[in-house]
>>> print(open('target-v1.txt').read())   # compact mmCIF, C-alpha atoms
# COMPACT_ATOMS: atom_id res chain seq x y z
CA MET A 1 -12.03 -30.05 -13.83
CA GLN A 2 -11.51 -26.29 -14.02
CA ASP A 3 -14.52 -25.90 -16.34
CA ALA A 4 -16.64 -27.81 -13.84
CA ASN A 5 -15.45 -25.49 -11.07
CA ILE A 6 -16.39 -22.41 -13.11
CA ALA A 7 -19.79 -23.83 -14.08
CA SER A 8 -20.66 -24.90 -10.53
CA SER A 9 -19.40 -21.58 -9.14
CA PHE A 10 -21.64 -19.63 -11.49
CA PHE A 11 -24.58 -21.87 -10.61
CA LEU A 12 -24.08 -21.26 -6.89
CA ILE A 13 -23.54 -17.54 -7.30
CA PHE A 14 -26.43 -16.66 -9.59
CA THR A 15 -29.01 -19.20 -8.47
CA GLY A 16 -28.24 -18.30 -4.87
CA ALA A 17 -28.23 -14.58 -5.73
CA ALA A 18 -31.67 -14.90 -7.34
CA VAL A 19 -33.02 -16.49 -4.15
CA VAL A 20 -31.46 -14.04 -1.70
CA ALA A 21 -32.30 -11.06 -3.94
CA THR A 22 -35.95 -12.10 -3.88
CA ALA A 23 -35.88 -12.36 -0.10
CA ALA A 24 -34.04 -9.03 0.17
CA LEU A 25 -36.63 -7.24 -1.97
CA TYR A 26 -39.53 -8.67 0.04
CA THR A 27 -37.87 -7.60 3.29
CA ARG A 28 -36.65 -4.25 1.84
CA GLN A 29 -32.93 -4.98 2.27
CA PRO A 30 -30.14 -3.70 -0.03
CA LEU A 31 -29.20 -6.27 -2.66
CA ILE A 32 -25.48 -5.67 -2.13
CA ILE A 33 -25.74 -6.92 1.45
CA ALA A 34 -27.54 -10.05 0.27
CA TYR A 35 -24.74 -10.88 -2.18
CA ILE A 36 -22.03 -10.46 0.50
CA ALA A 37 -23.99 -12.62 2.97
CA LEU A 38 -24.49 -15.29 0.31
CA GLY A 39 -20.74 -15.43 -0.32
CA ALA A 40 -20.01 -15.81 3.40
CA LEU A 41 -22.54 -18.63 3.71
CA LEU A 42 -21.50 -20.62 0.64
CA GLY A 43 -17.75 -19.93 0.73
CA PRO A 44 -14.93 -22.07 2.18
CA TYR A 45 -15.46 -20.60 5.66
CA GLY A 46 -19.23 -21.18 5.63
CA PHE A 47 -20.92 -24.26 4.19
CA LYS A 48 -17.89 -24.92 1.91
CA LEU A 49 -19.99 -25.23 -1.24
CA LEU A 50 -17.52 -22.97 -3.03
CA GLU A 51 -13.99 -24.02 -2.08
CA HIS A 52 -12.00 -21.85 -4.52
CA PRO A 53 -13.23 -18.24 -4.21
CA GLU A 54 -9.98 -16.93 -5.66
CA LEU A 55 -11.29 -17.99 -9.07
CA THR A 56 -14.38 -15.82 -8.80
CA THR A 57 -12.36 -13.01 -7.22
CA GLU A 58 -10.21 -12.73 -10.35
CA ILE A 59 -13.28 -12.82 -12.58
CA SER A 60 -15.08 -10.18 -10.51
CA GLU A 61 -12.39 -7.58 -11.21
CA ILE A 62 -13.79 -7.32 -14.74
CA GLY A 63 -16.92 -5.74 -13.23
CA ILE A 64 -14.84 -2.92 -11.74
CA ILE A 65 -13.11 -2.46 -15.10
CA PHE A 66 -16.45 -2.13 -16.91
CA LEU A 67 -17.71 0.24 -14.20
CA LEU A 68 -14.80 2.63 -14.79
CA PHE A 69 -15.13 2.27 -18.58
CA LEU A 70 -18.81 3.29 -18.41
CA LEU A 71 -17.91 6.23 -16.18
CA GLY A 72 -15.40 7.40 -18.74
CA LEU A 73 -17.95 7.18 -21.54
CA ASP A 74 -19.98 9.93 -19.86
CA MET A 75 -17.11 12.24 -18.93
CA GLN A 76 -16.15 14.91 -21.44
CA PRO A 77 -12.41 15.66 -21.14
CA ARG A 78 -12.88 19.40 -20.42
CA SER A 79 -15.53 18.73 -17.80
CA LEU A 80 -13.34 16.03 -16.24
CA ALA A 81 -10.32 18.36 -15.99
CA ARG A 82 -12.43 21.07 -14.31
CA THR A 83 -13.92 18.61 -11.83
CA ILE A 84 -10.54 17.13 -10.88
CA LYS A 85 -9.19 20.62 -10.24
CA GLU A 86 -12.17 21.39 -7.98
CA THR A 87 -11.90 18.21 -5.93
CA SER A 88 -8.10 17.96 -5.61
CA ILE A 89 -7.93 19.73 -2.22
CA VAL A 90 -10.84 17.64 -0.92
CA ALA A 91 -9.14 14.41 -2.02
CA LEU A 92 -5.74 15.28 -0.53
CA LEU A 93 -6.93 16.66 2.82
CA SER A 94 -9.45 13.90 3.42
CA SER A 95 -6.96 11.17 2.50
CA VAL A 96 -4.39 12.47 4.98
CA LEU A 97 -6.95 12.80 7.78
CA PHE A 98 -8.45 9.32 7.26
CA ALA A 99 -4.98 7.75 7.08
CA VAL A 100 -3.98 9.37 10.39
CA LEU A 101 -7.20 8.22 12.07
CA GLY A 102 -6.71 4.66 10.85
CA TRP A 103 -3.08 4.69 11.97
CA ILE A 104 -4.01 5.88 15.48
CA ILE A 105 -6.74 3.24 15.88
CA ALA A 106 -4.46 0.46 14.61
CA LEU A 107 -1.73 1.47 17.08
CA ALA A 108 -4.30 1.48 19.89
CA PHE A 109 -5.13 -2.16 19.11
CA GLY A 110 -1.50 -3.25 19.33
CA PHE A 111 -0.46 -3.45 15.69
CA THR A 112 3.16 -2.67 14.86
CA GLY A 113 4.12 0.73 13.46
CA LEU A 114 4.36 -0.52 9.87
CA GLU A 115 1.11 -2.47 10.13
CA ALA A 116 -0.62 0.61 11.56
CA VAL A 117 0.64 2.70 8.63
CA ILE A 118 -0.74 0.20 6.13
CA ILE A 119 -4.10 -0.03 7.91
CA GLY A 120 -4.20 3.77 7.97
CA LEU A 121 -3.50 3.90 4.23
CA CYS A 122 -6.36 1.45 3.67
CA CYS A 123 -8.72 3.95 5.34
CA MET A 124 -7.94 6.75 2.87
CA PHE A 125 -10.21 5.65 0.05
CA SER A 126 -13.96 5.39 -0.55
CA SER A 127 -15.54 2.66 -2.64
CA THR A 128 -15.97 3.40 -6.33
CA ILE A 129 -18.38 0.48 -6.61
CA ILE A 130 -20.65 1.54 -3.73
CA GLY A 131 -20.50 5.22 -4.61
CA ILE A 132 -21.31 4.80 -8.29
CA LYS A 133 -23.61 1.77 -8.03
CA LEU A 134 -25.95 3.58 -5.63
CA LEU A 135 -25.99 6.88 -7.54
CA PRO A 136 -28.89 7.34 -9.98
CA THR A 137 -27.77 7.35 -13.61
CA THR A 138 -29.32 10.77 -14.26
CA VAL A 139 -27.41 12.24 -11.32
CA LEU A 140 -24.17 10.49 -12.24
CA HIS A 141 -24.15 11.72 -15.82
CA HIS A 142 -25.90 15.07 -15.76
CA LYS A 143 -25.71 16.69 -12.33
CA ARG A 144 -23.01 18.38 -10.29
CA SER A 145 -23.04 15.79 -7.52
CA GLY A 146 -22.20 13.10 -10.06
CA GLU A 147 -19.33 15.15 -11.45
CA LEU A 148 -17.89 15.85 -8.01
CA MET A 149 -18.12 12.22 -6.92
CA VAL A 150 -16.44 10.93 -10.08
CA GLY A 151 -13.68 13.55 -9.80
CA LEU A 152 -12.98 12.68 -6.17
CA LEU A 153 -13.04 8.92 -6.74
CA LEU A 154 -10.71 9.26 -9.72
CA LEU A 155 -8.22 11.25 -7.64
CA GLN A 156 -8.48 8.65 -4.88
CA ASP A 157 -7.76 5.95 -7.46
CA ILE A 158 -4.62 7.82 -8.49
CA ILE A 159 -3.56 8.12 -4.83
CA ALA A 160 -4.28 4.39 -4.38
CA ILE A 161 -2.16 3.50 -7.40
CA THR A 162 0.67 5.66 -6.06
CA THR A 163 0.40 3.88 -2.71
CA LEU A 164 0.44 0.45 -4.37
CA LEU A 165 3.49 1.44 -6.42
CA ALA A 166 5.29 2.52 -3.24
CA LEU A 167 4.40 -0.75 -1.50
CA THR A 168 5.50 -2.79 -4.50
CA GLY A 169 8.77 -0.86 -4.60
CA MET A 170 9.53 -2.00 -1.05
CA ASN A 171 9.67 -5.59 -2.28
CA THR A 172 11.88 -5.09 -5.33
CA ASP A 173 15.37 -3.90 -6.12
CA THR A 174 13.95 -1.15 -8.36
CA PRO A 175 13.96 2.28 -6.66
CA ALA A 176 10.51 3.57 -5.76
CA LEU A 177 11.26 6.81 -7.61
CA LEU A 178 11.61 4.82 -10.82
CA HIS A 179 8.17 3.26 -10.25
CA TYR A 180 6.63 6.71 -9.80
CA GLY A 181 8.47 8.13 -12.80
CA ARG A 182 7.25 5.36 -15.05
CA ALA A 183 3.65 5.83 -13.91
CA LEU A 184 3.76 9.62 -14.33
CA PHE A 185 5.22 9.21 -17.80
CA ALA A 186 2.79 6.45 -18.79
CA LEU A 187 -0.42 8.30 -17.86
CA PRO A 188 -0.23 11.19 -20.40
CA LEU A 189 1.30 8.86 -22.97
CA LEU A 190 -1.61 6.45 -22.68
CA ALA A 191 -4.10 9.32 -22.90
CA LEU A 192 -2.46 10.52 -26.12
CA LEU A 193 -2.36 6.99 -27.53
CA ALA A 194 -6.06 6.52 -26.74
CA TRP A 195 -6.97 9.79 -28.47
CA LEU A 196 -4.99 8.87 -31.59
CA ALA A 197 -6.39 5.33 -31.70
CA VAL A 198 -9.98 6.56 -31.35
CA ARG A 199 -9.61 9.28 -33.97
CA TYR A 200 -7.77 7.29 -36.62
CA LEU A 201 -8.92 3.72 -35.96
CA LEU A 202 -12.05 3.28 -33.80
CA ILE A 203 -14.18 6.12 -35.19
CA PRO A 204 -13.59 5.12 -38.84
CA LEU A 205 -14.50 1.52 -37.94
CA LEU A 206 -17.60 2.60 -36.00
CA GLU A 207 -18.79 4.84 -38.82
CA ARG A 208 -18.25 2.17 -41.44
CA PHE A 209 -19.95 -0.68 -39.56
CA ASP A 210 -22.43 1.20 -37.32
CA ARG A 211 -25.32 -0.94 -38.61
CA PHE A 212 -23.87 -4.06 -37.00
CA GLN A 213 -24.69 -3.77 -33.31
CA GLU A 214 -22.95 -7.03 -32.43
CA TYR A 215 -19.74 -5.69 -33.94
CA ILE A 216 -19.98 -2.42 -31.98
CA PHE A 217 -20.57 -4.42 -28.80
CA LEU A 218 -17.49 -6.58 -29.42
CA LEU A 219 -15.34 -3.62 -30.44
CA ALA A 220 -16.26 -1.75 -27.26
CA ILE A 221 -15.39 -4.71 -25.03
CA GLY A 222 -12.13 -5.26 -26.88
CA TRP A 223 -11.21 -1.59 -26.60
CA CYS A 224 -12.05 -1.49 -22.88
CA LEU A 225 -10.21 -4.66 -21.85
CA GLY A 226 -7.35 -4.14 -24.30
CA PHE A 227 -6.57 -0.65 -23.05
CA ALA A 228 -6.97 -1.78 -19.44
CA GLU A 229 -4.32 -4.44 -20.02
CA LEU A 230 -2.07 -1.91 -21.77
CA ALA A 231 -2.29 0.38 -18.74
CA HIS A 232 -1.46 -2.54 -16.46
CA LEU A 233 1.64 -3.32 -18.51
CA ALA A 234 2.65 0.34 -18.21
CA GLY A 235 2.56 0.16 -14.41
CA LEU A 236 -0.90 1.66 -13.88
CA SER A 237 -4.08 -0.09 -12.80
CA LEU A 238 -6.51 -1.90 -15.04
CA GLU A 239 -9.24 0.45 -13.82
CA ILE A 240 -7.38 3.61 -14.83
CA GLY A 241 -6.78 2.14 -18.29
CA ALA A 242 -10.48 1.36 -18.67
CA PHE A 243 -11.40 4.88 -17.56
CA ILE A 244 -9.04 6.43 -20.13
CA ALA A 245 -10.53 4.16 -22.80
CA GLY A 246 -14.01 5.39 -21.89
CA VAL A 247 -13.11 9.10 -21.80
CA SER A 248 -11.47 8.80 -25.23
CA LEU A 249 -14.82 7.69 -26.69
CA ALA A 250 -17.04 10.05 -24.68
CA SER A 251 -17.31 12.74 -27.38
CA HIS A 252 -18.60 10.30 -30.02
CA PRO A 253 -22.41 9.81 -30.26
CA ILE A 254 -21.96 6.02 -30.19
CA SER A 255 -20.86 6.25 -26.53
CA LEU A 256 -24.49 6.32 -25.35
CA PHE A 257 -25.31 3.07 -27.18
CA ILE A 258 -22.15 1.41 -25.83
CA ALA A 259 -22.98 2.50 -22.26
CA GLN A 260 -26.47 1.05 -22.46
CA SER A 261 -25.23 -2.19 -24.01
CA LEU A 262 -22.57 -2.87 -21.37
CA LYS A 263 -24.62 -2.16 -18.23
CA PRO A 264 -26.00 -5.74 -17.92
CA LEU A 265 -22.49 -7.13 -18.39
CA ARG A 266 -21.16 -4.78 -15.70
CA ASP A 267 -23.87 -5.85 -13.25
CA PHE A 268 -23.15 -9.52 -13.98
CA PHE A 269 -19.55 -9.15 -12.81
CA LEU A 270 -20.40 -6.87 -9.89
CA VAL A 271 -22.65 -9.57 -8.42
CA ILE A 272 -19.61 -11.86 -8.52
CA PHE A 273 -17.49 -9.15 -6.85
CA PHE A 274 -19.76 -8.79 -3.81
CA PHE A 275 -20.20 -12.56 -3.55
CA SER A 276 -16.41 -13.00 -3.58
CA LEU A 277 -16.01 -10.35 -0.89
CA GLY A 278 -18.13 -12.43 1.48
CA ALA A 279 -16.65 -15.77 0.39
CA ASN A 280 -13.06 -14.69 1.06
CA PHE A 281 -13.67 -13.71 4.68
CA ASN A 282 -12.42 -16.29 7.19
CA LEU A 283 -15.24 -16.54 9.72
CA ALA A 284 -12.97 -18.46 12.13
CA LEU A 285 -11.00 -15.24 12.72
CA LEU A 286 -14.07 -13.15 13.41
CA ASP A 287 -13.68 -13.17 17.20
CA GLN A 288 -10.07 -11.92 16.84
CA VAL A 289 -10.82 -9.01 14.51
CA ILE A 290 -14.40 -7.96 15.22
CA ILE A 291 -13.65 -5.40 17.94
CA ALA A 292 -10.85 -3.62 16.06
CA ALA A 293 -12.79 -3.77 12.79
CA SER A 294 -15.96 -2.45 14.43
CA VAL A 295 -14.16 0.50 16.01
CA LEU A 296 -12.40 1.28 12.75
CA ALA A 297 -15.61 0.92 10.73
CA ILE A 298 -17.75 3.04 13.06
CA THR A 299 -15.08 5.74 13.12
CA MET A 300 -14.98 5.87 9.32
CA LEU A 301 -18.78 5.78 9.00
CA ILE A 302 -19.08 8.77 11.36
CA ILE A 303 -16.01 10.82 10.43
CA LYS A 304 -16.06 10.45 6.65
CA PRO A 305 -19.50 12.03 6.09
CA LEU A 306 -18.58 14.87 8.46
CA VAL A 307 -15.24 15.55 6.78
CA PHE A 308 -16.66 15.38 3.26
CA ARG A 309 -19.59 17.58 4.32
CA PHE A 310 -17.15 20.19 5.59
CA LEU A 311 -14.75 20.02 2.62
CA PHE A 312 -17.41 19.87 -0.09
CA GLY A 313 -19.21 22.67 1.73
CA ARG A 314 -16.29 24.92 0.81
CA ILE A 315 -16.84 24.40 -2.95
CA VAL A 316 -20.64 24.03 -3.22
CA ASP A 317 -23.38 26.28 -1.89
CA ASN A 318 -25.92 23.51 -1.35
CA LYS A 319 -25.45 21.98 2.13
CA SER A 320 -27.76 19.04 1.37
CA LEU A 321 -25.60 18.19 -1.65
CA ALA A 322 -22.48 18.15 0.56
CA TRP A 323 -24.23 15.85 3.06
CA ASP A 324 -25.42 13.60 0.23
CA LEU A 325 -21.89 13.21 -1.10
CA GLY A 326 -20.51 12.68 2.41
CA PHE A 327 -22.81 9.77 3.23
CA ARG A 328 -22.32 8.17 -0.20
CA LEU A 329 -18.55 8.20 0.36
CA GLY A 330 -18.67 7.00 3.97
CA GLN A 331 -16.98 3.61 3.55
CA ILE A 332 -13.54 2.23 2.74
CA SER A 333 -12.68 0.92 -0.70
CA GLU A 334 -12.07 -2.17 -2.78
CA PHE A 335 -8.59 -0.65 -3.22
CA SER A 336 -8.20 -1.07 0.55
CA LEU A 337 -8.71 -4.82 0.12
CA LEU A 338 -6.12 -4.93 -2.65
CA LEU A 339 -3.63 -2.94 -0.58
CA ALA A 340 -4.14 -5.21 2.45
CA PHE A 341 -3.78 -8.34 0.31
CA LEU A 342 -0.55 -7.09 -1.26
CA ALA A 343 0.90 -6.09 2.12
CA SER A 344 -0.07 -9.46 3.61
CA SER A 345 1.52 -11.38 0.72
CA MET A 346 4.73 -9.37 1.23
CA GLY A 347 4.77 -10.21 4.93
CA VAL A 348 4.49 -6.60 6.15
CA LEU A 349 0.88 -7.02 7.34
CA SER A 350 -0.24 -9.96 9.48
CA ASN A 351 -3.15 -12.19 8.56
CA ILE A 352 -5.09 -10.66 11.45
CA GLY A 353 -4.37 -7.17 10.16
CA ALA A 354 -5.51 -8.10 6.66
CA HIS A 355 -8.75 -9.53 8.06
CA VAL A 356 -9.32 -6.39 10.13
CA VAL A 357 -9.25 -4.40 6.87
CA GLN A 358 -11.49 -6.95 5.16
CA ALA A 359 -14.00 -6.95 8.02
CA THR A 360 -13.96 -3.15 8.09
CA ALA A 361 -14.70 -3.09 4.38
CA ILE A 362 -17.66 -5.46 4.76
CA ILE A 363 -19.08 -3.53 7.74
CA THR A 364 -18.73 -0.14 6.05
CA PHE A 365 -20.07 -1.48 2.73
CA ALA A 366 -23.11 -2.88 4.54
CA ILE A 367 -23.96 0.05 6.80
CA SER A 368 -23.16 2.68 4.17
CA SER A 369 -25.44 0.88 1.70
CA TYR A 370 -28.24 0.85 4.27
CA ILE A 371 -27.82 4.57 4.95
CA VAL A 372 -27.91 5.47 1.26
CA VAL A 373 -30.77 3.24 0.11
CA LEU A 374 -32.95 4.26 3.08
CA ASN A 375 -32.33 8.01 2.91
CA PHE A 376 -31.12 9.09 -0.54
CA PRO A 377 -32.19 8.60 -4.17
CA SER A 378 -30.80 5.35 -5.54
CA PRO A 379 -31.53 2.81 -8.31
CA VAL A 380 -32.01 0.13 -5.62
CA ALA A 381 -33.74 2.23 -2.95
CA VAL A 382 -36.22 0.29 -0.82
CA LYS A 383 -38.68 3.22 -0.79
CA ASP A 384 -40.55 3.93 -4.01
CA GLU A 385 -40.20 7.72 -3.61
CA LEU A 386 -36.40 7.39 -3.43
CA ARG A 387 -35.95 4.98 -6.33
CA ARG A 388 -34.24 6.67 -9.29
CA ASP A 389 -32.78 4.88 -12.30
>>> encode(input="target-v1.txt", output="structure tokens")
Amino acid sequence: MQDANIASSFFLIFTGAAVVATAALYTRQPLIIAYIALGALLGPYGFKLLEHPELTTEISEIGIIFLLFLLGLDMQPRSLARTIKETSIVALLSSVLFAVLGWIIALAFGFTGLEAVIIGLCCMFSSTIIGIKLLPTTVLHHKRSGELMVGLLLLQDIIAITTLLALTGMNTDTPALLHYGRALFALPLLALLAWLAVRYLLIPLLERFDRFQEYIFLLAIGWCLGFAELAHLAGLSLEIGAFIAGVSLASHPISLFIAQSLKPLRDFFLVIFFFSLGANFNLALLDQVIIAASVLAITMLIIKPLVFRFLFGRIVDNKSLAWDLGFRLGQISEFSLLLAFLASSMGVLSNIGAHVVQATAIITFAISSYIVVLNFPSPVAVKDELRRD
């Protein structure tokens, strides 16, 4: 029965995605929006053709893992360290400001103090998927804007993991300080382990069997997912583990081949991610959350580009580059959804509060995508002069 559910789910997702993608291209709409709308229509709160979206939600996380792995493959360790140092002040100041804004808006709509804090925390982050997916590959890998975006998003991921650890610590008998200590100890240890494994195991294997492309493909997937799981067991996120796995291979020439080979696989799972985002939204609660979510979303869509423009303007001379980064980061994150889900499952955030965060994510994903694909270079831009691979 489970196999039938998976097979029928994939049929609905990808056949439906092919149809809506065709319509979106003809009408010059962003593909990401089409996938989210398809999920809402076919999910349990729409036409009920897909009654178990939690299955596809779990599968879709693999797309985020591959996304971070591919990012790591193009980040040299020295360049990464320099970029993180440059963007640390931007990440910290912006996170505090967005959290305070979210907290104030949540209080204004009658949420309890703790719920308002959690909703505020959900506003701190920008979407890695939207930011990276809509950035041209040449910009992402070879230009300063790509370096700055990756550095900021990585720091936000670390802040998100710290926030999740703190929230998890509230629901256990283990002191929160112990959770933090384990994570801080695990991060450099995993980086060292990855370096040793690549130098003494992966590189010898790659050099010995480099003629067998299928083997390299399998080895890369195994290394990515294996190290992601190892990081998860150490108290970090799967995404951070995948990123470390990618960075550890970045200096080897085979990294370019691996990156090209895994892109279709990454896109396969990202389609499922955006479909699941729409499918998991309870449309029956829309009238109860739409006003709060709209206010929160519009605030973030306006304030985030302005704040990032100001902060990035302090470290880059090009004002247009600062604006470009600001608009690309003008949404909340998939980490926000995870944080809201965890808080809701612990009983510290109401179902309405969780749906406010979810609706805010969908609204900001949609409008931010429109802004980027209509005004900035992107692989999926609707204007030919803006389309960059």
>>> residues_around(input="target-v1.txt", residues="range 268-280 of chain A", least_positions_apart="3", cutoff="10 Å", atoms="only C-alpha atoms", output="ChimeraX atom specification")
/A:9-10,13-14,16-17,31-46,48,50-67,129,133,262-265,283,334,337,355,358-359,361-362,365
>>> atom_distance(input="target-v1.txt", atom1="CA of Ile118 in chain A", atom2="CA of Lys304 in chain A")
18.4 Å
>>> closest_residue(input="target-v1.txt", among="A:Pro253, A:Gly120, A:Pro377, A:Gly313", to="Asp210 in chain A", atoms="only C-alpha atoms")
A:Pro253
>>> closest_residue(input="target-v1.txt", among="A:Gly235, A:Ile221, A:Ser145, A:Leu93", to="Asn318 in chain A", atoms="only C-alpha atoms")
A:Ser145
>>> closest_residue(input="target-v1.txt", among="A:Phe111, A:Phe11, A:Trp223, A:Phe310", to="Ile352 in chain A", atoms="all atoms listed in the file")
A:Phe111
>>> residues_near_point(input="target-v1.txt", point="(-16.6, 12.8, 8.4)", cutoff="12 Å", atoms="only C-alpha atoms", output="PyMOL selection string")
chain A and resi 90+93-95+97-98+101+124+126+298-312+322-323+325-331
>>> atom_distance(input="target-v1.txt", atom1="CA of Ile132 in chain A", atom2="CA of Thr162 in chain A")
22.1 Å
>>> closest_residue(input="target-v1.txt", among="A:Ala108, A:Leu152, A:Leu286, A:Ile84", to="Gly131 in chain A", atoms="all atoms listed in the file")
A:Leu152
>>> residues_around(input="target-v1.txt", residues="range 158-160 of chain A", least_positions_apart="6", cutoff="10 Å", atoms="only C-alpha atoms", output="PyMOL selection string")
chain A and resi 91-92+95+121-122+124-125+152+166+236-237+240+333+335-336+338-339
>>> build_atoms(input="target-v1.txt", residues="range 207-220 of chain A", atoms="N, CA and C atoms", output="PDB file, keeping the file's coordinate frame")
ATOM      1  N   GLU A 207     -17.981   4.203 -37.773  1.00  0.00           N
ATOM      2  CA  GLU A 207     -18.790   4.840 -38.820  1.00  0.00           C
ATOM      3  C   GLU A 207     -19.029   3.929 -40.011  1.00  0.00           C
ATOM      4  N   ARG A 208     -18.100   3.069 -40.295  1.00  0.00           N
ATOM      5  CA  ARG A 208     -18.250   2.170 -41.440  1.00  0.00           C
ATOM      6  C   ARG A 208     -19.206   1.019 -41.126  1.00  0.00           C
ATOM      7  N   PHE A 209     -19.164   0.513 -39.898  1.00  0.00           N
ATOM      8  CA  PHE A 209     -19.950  -0.680 -39.560  1.00  0.00           C
ATOM      9  C   PHE A 209     -20.988  -0.390 -38.454  1.00  0.00           C
ATOM     10  N   ASP A 210     -21.515   0.845 -38.405  1.00  0.00           N
ATOM     11  CA  ASP A 210     -22.430   1.200 -37.320  1.00  0.00           C
ATOM     12  C   ASP A 210     -23.766   0.472 -37.397  1.00  0.00           C
ATOM     13  N   ARG A 211     -24.065  -0.180 -38.500  1.00  0.00           N
ATOM     14  CA  ARG A 211     -25.320  -0.940 -38.610  1.00  0.00           C
ATOM     15  C   ARG A 211     -25.246  -2.279 -37.888  1.00  0.00           C
ATOM     16  N   PHE A 212     -24.056  -2.738 -37.606  1.00  0.00           N
ATOM     17  CA  PHE A 212     -23.870  -4.060 -37.000  1.00  0.00           C
ATOM     18  C   PHE A 212     -23.667  -3.889 -35.484  1.00  0.00           C
ATOM     19  N   GLN A 213     -24.756  -4.001 -34.742  1.00  0.00           N
ATOM     20  CA  GLN A 213     -24.690  -3.770 -33.310  1.00  0.00           C
ATOM     21  C   GLN A 213     -23.804  -4.779 -32.583  1.00  0.00           C
ATOM     22  N   GLU A 214     -23.809  -6.009 -33.051  1.00  0.00           N
ATOM     23  CA  GLU A 214     -22.950  -7.030 -32.430  1.00  0.00           C
ATOM     24  C   GLU A 214     -21.487  -6.652 -32.554  1.00  0.00           C
ATOM     25  N   TYR A 215     -21.133  -6.087 -33.722  1.00  0.00           N
ATOM     26  CA  TYR A 215     -19.740  -5.690 -33.940  1.00  0.00           C
ATOM     27  C   TYR A 215     -19.360  -4.536 -33.009  1.00  0.00           C
ATOM     28  N   ILE A 216     -20.252  -3.561 -32.862  1.00  0.00           N
ATOM     29  CA  ILE A 216     -19.980  -2.420 -31.980  1.00  0.00           C
ATOM     30  C   ILE A 216     -19.800  -2.905 -30.543  1.00  0.00           C
ATOM     31  N   PHE A 217     -20.647  -3.839 -30.138  1.00  0.00           N
ATOM     32  CA  PHE A 217     -20.570  -4.420 -28.800  1.00  0.00           C
ATOM     33  C   PHE A 217     -19.202  -5.079 -28.577  1.00  0.00           C
ATOM     34  N   LEU A 218     -18.772  -5.891 -29.532  1.00  0.00           N
ATOM     35  CA  LEU A 218     -17.490  -6.580 -29.420  1.00  0.00           C
ATOM     36  C   LEU A 218     -16.313  -5.613 -29.459  1.00  0.00           C
ATOM     37  N   LEU A 219     -16.416  -4.608 -30.324  1.00  0.00           N
ATOM     38  CA  LEU A 219     -15.340  -3.620 -30.440  1.00  0.00           C
ATOM     39  C   LEU A 219     -15.184  -2.834 -29.139  1.00  0.00           C
ATOM     40  N   ALA A 220     -16.314  -2.495 -28.520  1.00  0.00           N
ATOM     41  CA  ALA A 220     -16.260  -1.750 -27.260  1.00  0.00           C
ATOM     42  C   ALA A 220     -15.614  -2.573 -26.154  1.00  0.00           C
TER      43      ALA A 220
END
